[in-house]
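What follows is the content of model_12.cif, which has mmCIF, C-alpha atoms:
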data_model
loop_
_atom_site.label_atom_id
_atom_site.label_comp_id
_atom_site.auth_asym_id
_atom_site.auth_seq_id
_atom_site.Cartn_x
_atom_site.Cartn_y
_atom_site.Cartn_z
CA MET A 1 -47.46 88.95 -11.95
CA LEU A 2 -49.08 85.94 -10.27
CA LEU A 3 -52.17 87.96 -9.38
CA LEU A 4 -52.45 89.20 -12.97
CA GLU A 5 -52.23 85.63 -14.29
CA VAL A 6 -54.97 84.53 -11.91
CA LEU A 7 -57.29 87.44 -12.74
CA CYS A 8 -56.84 87.01 -16.50
CA GLY A 9 -57.34 83.25 -16.24
CA VAL A 10 -60.51 83.62 -14.17
CA ALA A 11 -61.93 86.27 -16.52
CA LEU A 12 -61.31 84.25 -19.69
CA GLY A 13 -62.40 81.00 -18.09
CA PHE A 14 -65.61 82.59 -16.84
CA VAL A 15 -66.54 83.81 -20.34
CA LEU A 16 -65.68 80.48 -21.99
CA GLY A 17 -67.64 78.59 -19.35
CA LEU A 18 -70.84 80.36 -20.38
CA ILE A 19 -70.70 78.71 -23.82
CA PRO A 20 -72.79 75.52 -23.63
CA ASN A 21 -71.19 72.16 -24.36
CA ILE A 22 -67.65 73.57 -24.63
CA HIS A 23 -65.44 71.35 -22.50
CA ILE A 24 -62.06 72.48 -21.21
CA ASN A 25 -60.37 69.80 -23.35
CA LEU A 26 -61.84 71.37 -26.49
CA ILE A 27 -60.42 74.71 -25.33
CA GLY A 28 -57.05 72.97 -25.14
CA TYR A 29 -57.33 71.85 -28.76
CA VAL A 30 -58.25 75.39 -29.84
CA PHE A 31 -55.29 76.84 -27.94
CA SER A 32 -53.03 74.26 -29.55
CA LEU A 33 -54.41 75.09 -33.02
CA PHE A 34 -53.68 78.80 -32.64
CA GLY A 35 -50.38 78.37 -30.79
CA VAL A 36 -51.57 80.02 -27.58
CA PHE A 37 -49.44 77.73 -25.41
CA VAL A 38 -46.31 78.98 -27.13
CA PHE A 39 -47.06 82.62 -26.30
CA PHE A 40 -47.86 81.86 -22.64
CA LYS A 41 -45.32 79.12 -22.03
CA GLU A 42 -44.35 80.27 -18.53
CA ASN A 43 -47.84 81.20 -17.35
CA PHE A 44 -48.94 78.07 -15.51
CA TYR A 45 -51.27 79.85 -13.13
CA PHE A 46 -53.03 81.57 -16.03
CA PHE A 47 -53.97 78.18 -17.51
CA PHE A 48 -54.66 76.72 -14.07
CA SER A 49 -57.06 79.56 -13.24
CA LEU A 50 -58.68 79.34 -16.67
CA CYS A 51 -59.28 75.59 -16.32
CA VAL A 52 -60.82 75.85 -12.86
CA SER A 53 -62.95 78.90 -13.65
CA GLN A 54 -64.18 77.57 -17.01
CA THR A 55 -65.09 74.17 -15.60
CA LEU A 56 -67.03 75.59 -12.65
CA THR A 57 -68.81 78.26 -14.70
CA SER A 58 -69.92 75.67 -17.27
CA ILE A 59 -72.55 74.49 -14.81
CA ILE A 60 -74.60 77.65 -15.53
CA PRO A 61 -75.39 76.94 -19.21
CA SER A 62 -75.87 73.27 -18.35
CA PHE A 63 -78.87 74.31 -16.24
CA ILE A 64 -80.19 77.01 -18.55
CA PHE A 65 -79.88 74.99 -21.76
CA TYR A 66 -81.03 71.72 -20.13
CA THR A 67 -78.11 69.88 -21.59
CA GLN A 68 -74.71 68.55 -20.52
CA THR A 69 -71.14 69.43 -21.31
CA GLN A 70 -68.77 66.71 -22.45
CA ASP A 71 -67.86 66.06 -18.85
CA VAL A 72 -69.78 62.97 -17.66
CA LEU A 73 -70.14 64.61 -14.28
CA PHE A 74 -73.15 66.31 -15.81
CA SER A 75 -74.83 62.98 -16.50
CA PRO A 76 -76.92 63.07 -13.28
CA PHE A 77 -78.79 66.03 -14.78
CA LEU A 78 -79.77 64.11 -17.90
CA GLY A 79 -83.54 64.00 -18.03
CA GLN A 80 -83.91 66.16 -14.92
CA THR A 81 -87.19 68.07 -14.94
CA PRO A 82 -86.52 71.66 -16.06
CA ALA A 83 -87.23 74.13 -13.26
CA THR A 84 -88.55 77.66 -13.46
CA PRO A 85 -85.90 80.41 -13.60
CA SER A 86 -86.25 81.15 -9.88
CA GLU A 87 -85.86 77.47 -8.98
CA THR A 88 -82.89 77.12 -11.31
CA LYS A 89 -81.21 80.14 -9.71
CA ALA A 90 -81.74 78.60 -6.26
CA LEU A 91 -80.07 75.36 -7.40
CA LEU A 92 -77.18 77.32 -8.90
CA LEU A 93 -76.64 79.26 -5.67
CA LEU A 94 -76.59 75.96 -3.81
CA SER A 95 -74.05 74.73 -6.35
CA PHE A 96 -71.84 77.79 -5.78
CA LEU A 97 -71.78 77.11 -2.04
CA SER A 98 -70.86 73.50 -2.68
CA PHE A 99 -68.03 74.61 -4.99
CA LEU A 100 -66.54 76.55 -2.07
CA LEU A 101 -66.94 73.68 0.39
CA GLY A 102 -65.54 71.15 -2.05
CA GLY A 103 -62.58 73.43 -2.68
CA ILE A 104 -61.85 73.81 1.04
CA PHE A 105 -62.17 70.09 1.70
CA SER A 106 -59.94 69.21 -1.27
CA VAL A 107 -57.15 71.39 0.15
CA LEU A 108 -57.51 69.68 3.54
CA PHE A 109 -57.55 66.27 1.81
CA LEU A 110 -54.29 66.73 -0.09
CA PRO A 111 -52.09 65.01 2.54
CA PHE A 112 -54.60 62.14 2.72
CA PHE A 113 -54.69 61.86 -1.07
CA TYR A 114 -50.89 61.97 -1.26
CA LEU A 115 -50.63 58.99 1.09
CA LEU A 116 -53.36 57.08 -0.76
CA PHE A 117 -51.64 57.56 -4.09
CA LEU A 118 -48.25 56.48 -2.73
CA LEU A 119 -49.77 53.36 -1.19
CA PHE A 120 -51.94 52.16 -4.08
CA SER A 121 -50.82 53.65 -7.39
CA ASP A 122 -48.12 51.03 -8.02
CA PHE A 123 -50.37 48.05 -7.30
CA TYR A 124 -51.25 47.36 -10.91
CA PHE A 125 -53.32 44.30 -10.10
CA LEU A 126 -55.39 46.43 -7.72
CA ILE A 127 -55.90 49.05 -10.44
CA PHE A 128 -56.95 46.32 -12.88
CA LEU A 129 -59.35 44.89 -10.30
CA ILE A 130 -60.90 48.27 -9.42
CA LEU A 131 -61.47 49.12 -13.08
CA LEU A 132 -63.07 45.73 -13.71
CA LEU A 133 -65.25 45.97 -10.60
CA SER A 134 -66.38 49.44 -11.65
CA LEU A 135 -67.77 48.04 -14.89
CA ILE A 136 -69.40 45.17 -13.02
CA PHE A 137 -70.89 47.67 -10.57
CA LEU A 138 -72.45 49.66 -13.42
CA ILE A 139 -74.02 46.49 -14.80
CA PHE A 140 -75.41 45.22 -11.51
CA GLN A 141 -76.80 48.60 -10.55
CA GLU A 142 -79.73 47.50 -12.65
CA LYS A 143 -82.27 45.28 -10.92
CA GLU A 144 -83.58 43.41 -13.96
CA ASN A 145 -81.52 41.11 -16.17
CA SER A 146 -82.81 42.71 -19.37
CA PHE A 147 -81.58 46.10 -18.19
CA ARG A 148 -78.24 44.59 -17.20
CA LEU A 149 -77.85 43.24 -20.71
CA ILE A 150 -78.49 46.71 -22.12
CA VAL A 151 -75.77 48.23 -19.92
CA LEU A 152 -73.44 45.37 -20.85
CA ALA A 153 -74.09 46.08 -24.54
CA ILE A 154 -73.29 49.78 -24.01
CA ILE A 155 -70.06 48.83 -22.25
CA ILE A 156 -69.10 46.43 -25.04
CA PHE A 157 -69.84 48.90 -27.84
CA SER A 158 -68.08 51.87 -26.26
CA GLY A 159 -65.24 49.72 -24.94
CA THR A 160 -64.63 48.18 -28.34
CA LEU A 161 -64.50 51.66 -29.85
CA GLY A 162 -61.90 52.59 -27.23
CA VAL A 163 -59.81 49.49 -27.89
CA PHE A 164 -59.65 50.12 -31.63
CA THR A 165 -59.06 53.88 -31.45
CA LEU A 166 -56.99 54.30 -28.29
CA LYS A 167 -55.12 51.05 -27.70
CA PHE A 168 -54.40 50.25 -31.34
CA ASN A 169 -54.92 53.74 -32.82
CA PHE A 170 -56.68 51.95 -35.65
CA PHE A 171 -56.67 54.14 -38.79
CA PHE A 172 -57.41 57.37 -36.93
CA LYS A 173 -55.40 60.42 -35.88
CA GLU A 174 -56.22 62.09 -32.53
CA PRO A 175 -59.23 59.83 -31.84
CA LEU A 176 -59.95 61.05 -28.31
CA ILE A 177 -61.64 64.35 -29.15
CA PRO A 178 -64.11 63.00 -31.77
CA CYS A 179 -65.01 59.99 -29.64
CA VAL A 180 -65.52 61.91 -26.38
CA PHE A 181 -67.49 64.58 -28.21
CA GLY A 182 -69.61 61.96 -29.95
CA LEU A 183 -70.24 59.86 -26.85
CA PHE A 184 -71.18 62.64 -24.45
CA ALA A 185 -71.83 66.03 -26.07
CA LEU A 186 -73.31 65.23 -29.48
CA PRO A 187 -76.39 63.30 -28.25
CA SER A 188 -77.27 66.10 -25.83
CA ILE A 189 -76.93 68.78 -28.51
CA LEU A 190 -79.00 66.82 -31.04
CA LEU A 191 -81.72 66.20 -28.48
CA ILE A 192 -82.12 69.94 -28.00
CA LEU A 193 -81.82 70.79 -31.70
CA PHE A 194 -84.53 68.35 -32.75
CA SER A 195 -86.79 68.63 -29.73
CA GLY A 196 -90.20 70.25 -29.98
CA GLU A 197 -89.77 72.12 -26.69
CA LYS A 198 -90.70 75.78 -26.89
CA GLU A 199 -88.77 78.50 -25.13
CA GLY A 200 -90.15 79.23 -21.69
CA ASN A 201 -92.36 76.12 -21.69
CA PHE A 202 -91.43 74.67 -18.31
CA LYS A 203 -92.53 71.29 -17.11
CA SER A 204 -93.97 70.40 -13.76
CA LYS A 205 -92.77 72.35 -10.76
CA VAL A 206 -89.85 70.89 -8.86
CA VAL A 207 -90.76 69.68 -5.40
CA GLN A 208 -89.45 72.06 -2.75
CA GLU A 209 -86.72 70.52 -0.61
CA ILE A 210 -85.22 71.93 2.54
CA MET A 211 -81.54 71.30 3.23
CA CYS A 212 -79.78 72.47 6.36
CA PHE A 213 -76.19 73.68 6.26
CA LYS A 214 -75.08 70.54 8.13
CA GLN A 215 -76.40 68.36 5.29
CA ILE A 216 -74.64 70.49 2.70
CA VAL A 217 -71.34 70.25 4.57
CA TYR A 218 -71.71 66.47 5.00
CA LEU A 219 -72.50 65.87 1.32
CA SER A 220 -69.65 68.15 0.22
CA PHE A 221 -67.28 66.24 2.50
CA LEU A 222 -68.58 62.95 1.10
CA GLY A 223 -68.14 64.13 -2.48
CA THR A 224 -64.58 65.25 -1.85
CA LEU A 225 -63.72 61.97 -0.11
CA PHE A 226 -64.93 59.87 -3.03
CA SER A 227 -63.41 62.12 -5.68
CA SER A 228 -60.04 61.82 -3.88
CA THR A 229 -60.30 58.04 -3.89
CA ILE A 230 -61.44 57.69 -7.49
CA ALA A 231 -58.70 60.01 -8.79
CA ILE A 232 -56.05 57.45 -7.84
CA PHE A 233 -57.16 55.14 -10.63
CA PRO A 234 -56.68 56.03 -14.31
CA SER A 235 -59.71 56.21 -16.64
CA LEU A 236 -62.25 56.34 -13.80
CA SER A 237 -64.57 59.29 -14.21
CA PRO A 238 -65.36 61.50 -11.23
CA GLY A 239 -68.95 60.68 -12.13
CA LEU A 240 -68.28 57.28 -10.58
CA ALA A 241 -67.36 59.07 -7.37
CA MET A 242 -70.82 60.57 -7.41
CA THR A 243 -72.43 57.21 -8.12
CA PHE A 244 -70.62 55.63 -5.16
CA ALA A 245 -71.36 58.59 -2.91
CA ASN A 246 -75.05 58.28 -3.80
CA THR A 247 -75.18 55.04 -1.82
CA PHE A 248 -74.57 57.07 1.35
CA LYS A 249 -77.40 59.52 0.67
CA GLU A 250 -80.70 59.26 2.49
CA ASN A 251 -82.63 59.94 -0.71
CA LYS A 252 -81.98 60.94 -4.30
CA SER A 253 -83.27 64.51 -4.20
CA SER A 254 -82.20 67.02 -6.84
CA LYS A 255 -80.66 69.34 -4.25
CA GLU A 256 -78.53 66.58 -2.77
CA THR A 257 -77.47 65.65 -6.29
CA VAL A 258 -76.43 69.24 -7.00
CA VAL A 259 -74.40 69.46 -3.77
CA LEU A 260 -72.59 66.18 -4.42
CA PHE A 261 -71.94 66.99 -8.05
CA SER A 262 -70.63 70.49 -7.35
CA SER A 263 -68.30 69.48 -4.51
CA ILE A 264 -66.87 66.66 -6.64
CA LEU A 265 -66.44 68.98 -9.62
CA SER A 266 -64.45 71.56 -7.69
CA SER A 267 -62.40 69.17 -5.53
CA VAL A 268 -61.34 66.90 -8.38
CA LEU A 269 -59.80 69.82 -10.26
CA LEU A 270 -57.28 70.51 -7.51
CA ILE A 271 -56.57 66.80 -7.14
CA TYR A 272 -55.94 66.42 -10.89
CA PHE A 273 -53.50 69.34 -10.96
CA PHE A 274 -51.83 68.04 -7.78
CA LEU A 275 -51.36 64.68 -9.53
CA ALA A 276 -49.82 66.42 -12.51
CA VAL A 277 -47.33 68.67 -10.72
CA VAL A 278 -46.30 66.18 -8.01
CA PHE A 279 -46.53 62.78 -9.74
CA ASN A 280 -46.53 63.82 -13.43
CA LYS A 281 -49.82 61.99 -13.96
CA SER A 282 -52.47 63.37 -16.27
CA ARG A 283 -56.17 62.64 -15.77
CA ILE A 284 -57.72 65.18 -18.18
CA GLY A 285 -56.69 66.28 -21.66
CA PHE A 286 -56.15 69.94 -20.81
CA ILE A 287 -53.45 69.01 -18.31
CA SER A 288 -51.86 66.82 -20.98
CA PHE A 289 -51.57 69.90 -23.20
CA LEU A 290 -49.78 71.71 -20.37
CA GLN A 291 -47.42 68.75 -19.96
CA ILE A 292 -46.68 68.53 -23.68
CA ASN A 293 -45.89 72.23 -23.82
CA ASN A 294 -43.69 72.08 -20.68
CA ILE A 295 -45.90 74.51 -18.79
CA LEU A 296 -46.28 72.43 -15.63
CA PRO A 297 -43.78 73.65 -13.00
CA LYS A 298 -41.31 71.54 -11.07
CA VAL A 299 -42.62 71.62 -7.54
CA VAL A 300 -41.36 71.70 -4.00
CA PHE A 301 -43.51 71.72 -0.87
CA ALA A 302 -43.95 75.51 -0.99
CA ASP A 303 -45.27 75.24 -4.55
CA VAL A 304 -47.99 72.83 -3.46
CA LEU A 305 -49.07 75.27 -0.77
CA GLN A 306 -49.15 78.04 -3.35
CA LEU A 307 -51.17 75.84 -5.73
CA ALA A 308 -53.74 75.17 -3.00
CA PHE A 309 -53.88 78.84 -2.02
CA VAL A 310 -54.35 80.00 -5.61
CA PHE A 311 -57.00 77.31 -6.13
CA LEU A 312 -59.07 78.67 -3.24
CA ILE A 313 -58.69 82.20 -4.62
CA VAL A 314 -59.79 81.09 -8.11
CA VAL A 315 -62.79 79.18 -6.78
CA GLY A 316 -63.73 82.13 -4.57
CA LEU A 317 -63.39 84.65 -7.40
CA THR A 318 -65.36 82.47 -9.81
CA VAL A 319 -68.17 81.87 -7.33
CA THR A 320 -68.30 85.57 -6.38
CA LEU A 321 -68.38 86.64 -10.02
CA ALA A 322 -71.08 84.07 -10.82
CA TYR A 323 -73.15 85.11 -7.82
CA PHE A 324 -73.20 88.82 -8.62
CA CYS A 325 -73.60 88.31 -12.36
CA LEU A 326 -76.19 85.53 -12.21
CA ASP A 327 -79.23 87.72 -12.88
CA SER A 328 -77.53 89.42 -15.83
CA ILE A 329 -76.35 86.06 -17.18
CA PHE A 330 -79.87 84.69 -17.01
CA ILE A 331 -81.28 87.70 -18.85
CA GLU A 332 -78.66 87.59 -21.62
CA LEU A 333 -78.60 83.82 -22.12
CA ASN A 334 -82.38 83.62 -22.18
CA LYS A 335 -82.44 86.23 -24.94
CA LEU A 336 -80.57 83.76 -27.14
CA ASP A 337 -82.27 81.11 -29.19
CA LYS A 338 -80.96 77.92 -27.61
CA LYS A 339 -81.12 75.86 -30.77
CA THR A 340 -79.20 78.47 -32.77
CA VAL A 341 -76.48 78.69 -30.13
CA LEU A 342 -76.13 74.91 -29.93
CA PHE A 343 -76.07 74.65 -33.73
CA PHE A 344 -73.06 76.99 -33.88
CA VAL A 345 -71.42 75.08 -31.00
CA LEU A 346 -71.96 71.86 -32.95
CA MET A 347 -70.48 73.31 -36.16
CA PHE A 348 -67.49 74.74 -34.31
CA SER A 349 -66.84 71.43 -32.53
CA LEU A 350 -67.04 69.49 -35.80
CA PHE A 351 -64.60 71.97 -37.36
CA ILE A 352 -62.10 71.38 -34.55
CA VAL A 353 -62.55 67.62 -34.95
CA PHE A 354 -61.91 67.90 -38.70
CA VAL A 355 -58.79 70.04 -38.21
CA PHE A 356 -57.20 67.62 -35.72
CA SER A 357 -58.57 64.28 -36.91
CA GLY A 358 -59.57 64.74 -40.55
CA MET A 359 -62.43 62.93 -42.25
CA GLY A 360 -61.73 59.88 -40.11
CA GLY A 361 -62.52 62.00 -37.07
CA LEU A 362 -65.90 63.00 -38.48
CA PHE A 363 -66.61 59.31 -39.11
CA LEU A 364 -65.72 58.60 -35.48
CA VAL A 365 -68.11 61.34 -34.32
CA VAL A 366 -70.96 59.60 -36.15
CA VAL A 367 -70.07 56.16 -34.77
CA SER A 368 -69.48 57.33 -31.20
CA GLY A 369 -72.60 59.52 -31.39
CA GLY A 370 -74.68 56.46 -32.24
CA ILE A 371 -73.25 54.66 -29.22
CA GLY A 372 -73.76 57.77 -27.07
CA PHE A 373 -77.48 57.69 -27.80
CA LEU A 374 -77.89 54.16 -26.38
CA PRO A 375 -78.07 55.12 -22.67
CA ILE A 376 -80.39 58.00 -23.54
CA VAL A 377 -82.76 55.83 -25.57
CA TYR A 378 -82.86 53.14 -22.88
CA ASN A 379 -82.69 55.61 -19.96
CA LYS A 380 -79.51 54.13 -18.49
CA ASN A 381 -76.54 55.61 -16.67
CA ARG A 382 -74.29 57.37 -19.18
CA LEU A 383 -71.27 56.45 -17.06
CA ALA A 384 -71.33 53.10 -18.86
CA LEU A 385 -69.90 55.02 -21.83
CA MET A 386 -66.72 55.54 -19.80
CA SER A 387 -65.80 51.99 -20.77
CA TYR A 388 -64.40 53.76 -23.85
CA LEU A 389 -61.46 54.66 -21.59
CA ILE A 390 -61.73 51.90 -18.99
CA LEU A 391 -61.54 48.84 -21.27
CA PRO A 392 -58.33 49.92 -23.08
CA THR A 393 -56.78 50.65 -19.68
CA ILE A 394 -57.78 47.22 -18.39
CA LEU A 395 -56.18 45.60 -21.42
CA PHE A 396 -53.02 47.58 -20.70
CA PHE A 397 -52.66 45.69 -17.41
CA VAL A 398 -53.47 42.26 -18.91
#
Render the structure in this file as structure tokens.
Amino acid sequence: MLLLEVLCGVALGFVLGLIPNIHINLIGYVFSLFGVFVFFKENFYFFFSLCVSQTLTSIIPSFIFYTQTQDVLFSPFLGQTPATPSETKALLLLSFLSFLLGGIFSVLFLPFFYLLFLLFSDFYFLIFLILLLSLIFLIFQEKENSFRLIVLAIIIFSGTLGVFTLKFNFFFKEPLIPCVFGLFALPSILLILFSGEKEGNFKSKVVQEIMCFKQIVYLSFLGTLFSSTIAIFPSLSPGLAMTFANTFKENKSSKETVVLFSSILSSVLLIYFFLAVVFNKSRIGFISFLQINNILPKVVFADVLQLAFVFLIVVGLTVTLAYFCLDSIFIELNKLDKKTVLFFVLMFSLFIVFVFSGMGGLFLVVVSGGIGFLPIVYNKNRLALMSYLILPTILFFV
């Protein structure tokens, strides 16, 4: 039965992951709308496998459609020069390898993460200080004062939105989905929809970079280390783990970025589920849905070992499936008109927002979308938008 759950979860997650700009949290809302959690109430490993597989597979359309999913981990690819199909495939294969390494390292890191969480999770002043320093770090990443003021403005605007909608729940029902969609996904979709880029019109050729396996292993280890540390603190995006890890890189090449990003993306998934089943802490919305519907199991030590073992199987199956299907995926996805696909994704997402949040939710999409365009217009780090979550959390500790 466990194997069947895993296989079904991987298969469904793989298909859903190929839809651009569909985040796993949105899948959770859809499942909730149609009562799927009720019918599969005891199938934790089905949802676990689906979440892991969907999240990892979503990197494929993010490359092909030159856009990001709602997950801010994709922000390093914003504005990245589009590569030719062969170059894109090479980057994806590198990403698949990094998924495997990040998964292996995350399993080895679980005892280390367990000790870190026990030592630091109850030091609320430390959490407050780390969150505050993270915002300061994002501001002072910029070298010029004018650019720092722009990042500060982005933090203030998005943080204020978070305070009114999350901390005070001001006038709005279920504000998280419209705000997250508006801040991160909507600007990317609109950029593609209203761009003048023609299909197959690639920009300048990406500079060839050579990476040895030792570099890939080191960067994957580094990504897992930072994702483990960041996951201790609520509201901190794994994208910050990548930003911090970047300071240890020799250069900011696209291949190194892909390795770091991919190892963080895979490792943080296991860490988030480990947090949920061991400490009852939720870091992403999909896990919250599992908690609300009492799908998360009560764990003993053997269950943690099983979770880690199944995680490696799911990552391995997803990577294997992606590897052997990559050519076919490229052919089929490139047959589609990107703007038409993204238009339907946009309409579907707005429909889900309306169902869960009403007209107020659509208003929030417009407001958050305007804020989400600020870092794009001024070419700044989109992680500053995470102040939408960070500022309300800081105020919680004040």
Output check: residues returned by the PyMOL selection byres ((chain A and resi 119-124) around 10), as a PDB file with C-alpha atoms, in the coordinates of the input:
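Writing done, so here's part.pdb:
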ATOM      1  CA  PHE A 113     -54.690  61.860  -1.070  1.00  0.00           C
ATOM      2  CA  TYR A 114     -50.890  61.970  -1.260  1.00  0.00           C
ATOM      3  CA  LEU A 115     -50.630  58.990   1.090  1.00  0.00           C
ATOM      4  CA  LEU A 116     -53.360  57.080  -0.760  1.00  0.00           C
ATOM      5  CA  PHE A 117     -51.640  57.560  -4.090  1.00  0.00           C
ATOM      6  CA  LEU A 118     -48.250  56.480  -2.730  1.00  0.00           C
ATOM      7  CA  PHE A 125     -53.320  44.300 -10.100  1.00  0.00           C
ATOM      8  CA  LEU A 126     -55.390  46.430  -7.720  1.00  0.00           C
ATOM      9  CA  ILE A 127     -55.900  49.050 -10.440  1.00  0.00           C
ATOM     10  CA  PHE A 128     -56.950  46.320 -12.880  1.00  0.00           C
ATOM     11  CA  LEU A 129     -59.350  44.890 -10.300  1.00  0.00           C
ATOM     12  CA  ILE A 130     -60.900  48.270  -9.420  1.00  0.00           C
ATOM     13  CA  ILE A 232     -56.050  57.450  -7.840  1.00  0.00           C
ATOM     14  CA  PHE A 233     -57.160  55.140 -10.630  1.00  0.00           C
ATOM     15  CA  PRO A 234     -56.680  56.030 -14.310  1.00  0.00           C
ATOM     16  CA  ILE A 394     -57.780  47.220 -18.390  1.00  0.00           C
ATOM     17  CA  PHE A 396     -53.020  47.580 -20.700  1.00  0.00           C
ATOM     18  CA  PHE A 397     -52.660  45.690 -17.410  1.00  0.00           C
ATOM     19  CA  VAL A 398     -53.470  42.260 -18.910  1.00  0.00           C
TER      20      VAL A 398
END
Shell around A:Ile155 at 8 Å using all atoms listed in the file, local window under 2 positions removed, as a PyMOL selection string: chain A and resi 135+151-153+157-159+384-388
Run through the PyMOL selection byres ((chain A and resi 53-55) around 6) on the given coordinates and return the selected residues as a ChimeraX atom specification. /A:10,13-14,16-17,49-52,56-58,318
Using the chain letters and numbers from the file, give me the residues hit by the PyMOL selection byres ((chain A and resi 1) around 12), as a PyMOL selection string. chain A and resi 2-8+42-46
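If you measure from each of A:Ser253, A:Ser228, A:Ser266, A:Thr165 to A:Ser357 using only C-alpha atoms, the closest one turns out to be A:Thr165.
Coordinates place atom CA of A:Ile352 at a distance of 29.6 Å from atom CA of A:Leu321.
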Identify, on the basis of all atoms listed in the file, every residue whose closest approach to A:Leu346 does not exceed 8 Å; exclude the query and any residue fewer than 4 positions from it along the same chain; express the result as an NGL selection string. :A and (186 or 189 or 342 or 350)
Find the spatial neighbours of A:Tyr29, counting only C-alpha atoms, within a cut-off of 12 Å - ignore same-chain residues fewer than 5 positions away - and output them as JSON, numbers by chain. {"A": [22, 23, 24, 34, 35, 36, 37, 174, 176, 177, 178, 285, 286, 287, 288, 289, 290, 348, 349, 351, 352, 353, 354, 355, 356, 357]}
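Using all atoms listed in the file for every distance, the candidate list A:Ser95, A:Ile60, A:Val30, A:Glu144 yields A:Ser95 as the residue closest to A:Val258.
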For stretch 364-376 of chain A: contacts at 6 Å, all atoms listed in the file, fewer than 6 positions along chain excluded, given as JSON, numbers by chain: {"A": [178, 179, 182, 183, 187, 382]}
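Rounded to one decimal, atom CA of A:Thr393 and atom CA of A:Leu166 lie 9.4 Å from each other.
Reported to one decimal place, the separation of atom CA of A:Leu138 from atom CA of A:Phe226 is 16.4 Å.
Considering all atoms listed in the file, the residue among A:Val163, A:Ser195, A:Phe343, A:Asn381 positioned nearest to A:Glu142 is A:Asn381.
Ranking A:Gly239, A:Gly28, A:Gly102, A:Gly361 by their shortest atom-to-atom distance to A:Ile216, with only C-alpha atoms included, puts A:Gly102 first.
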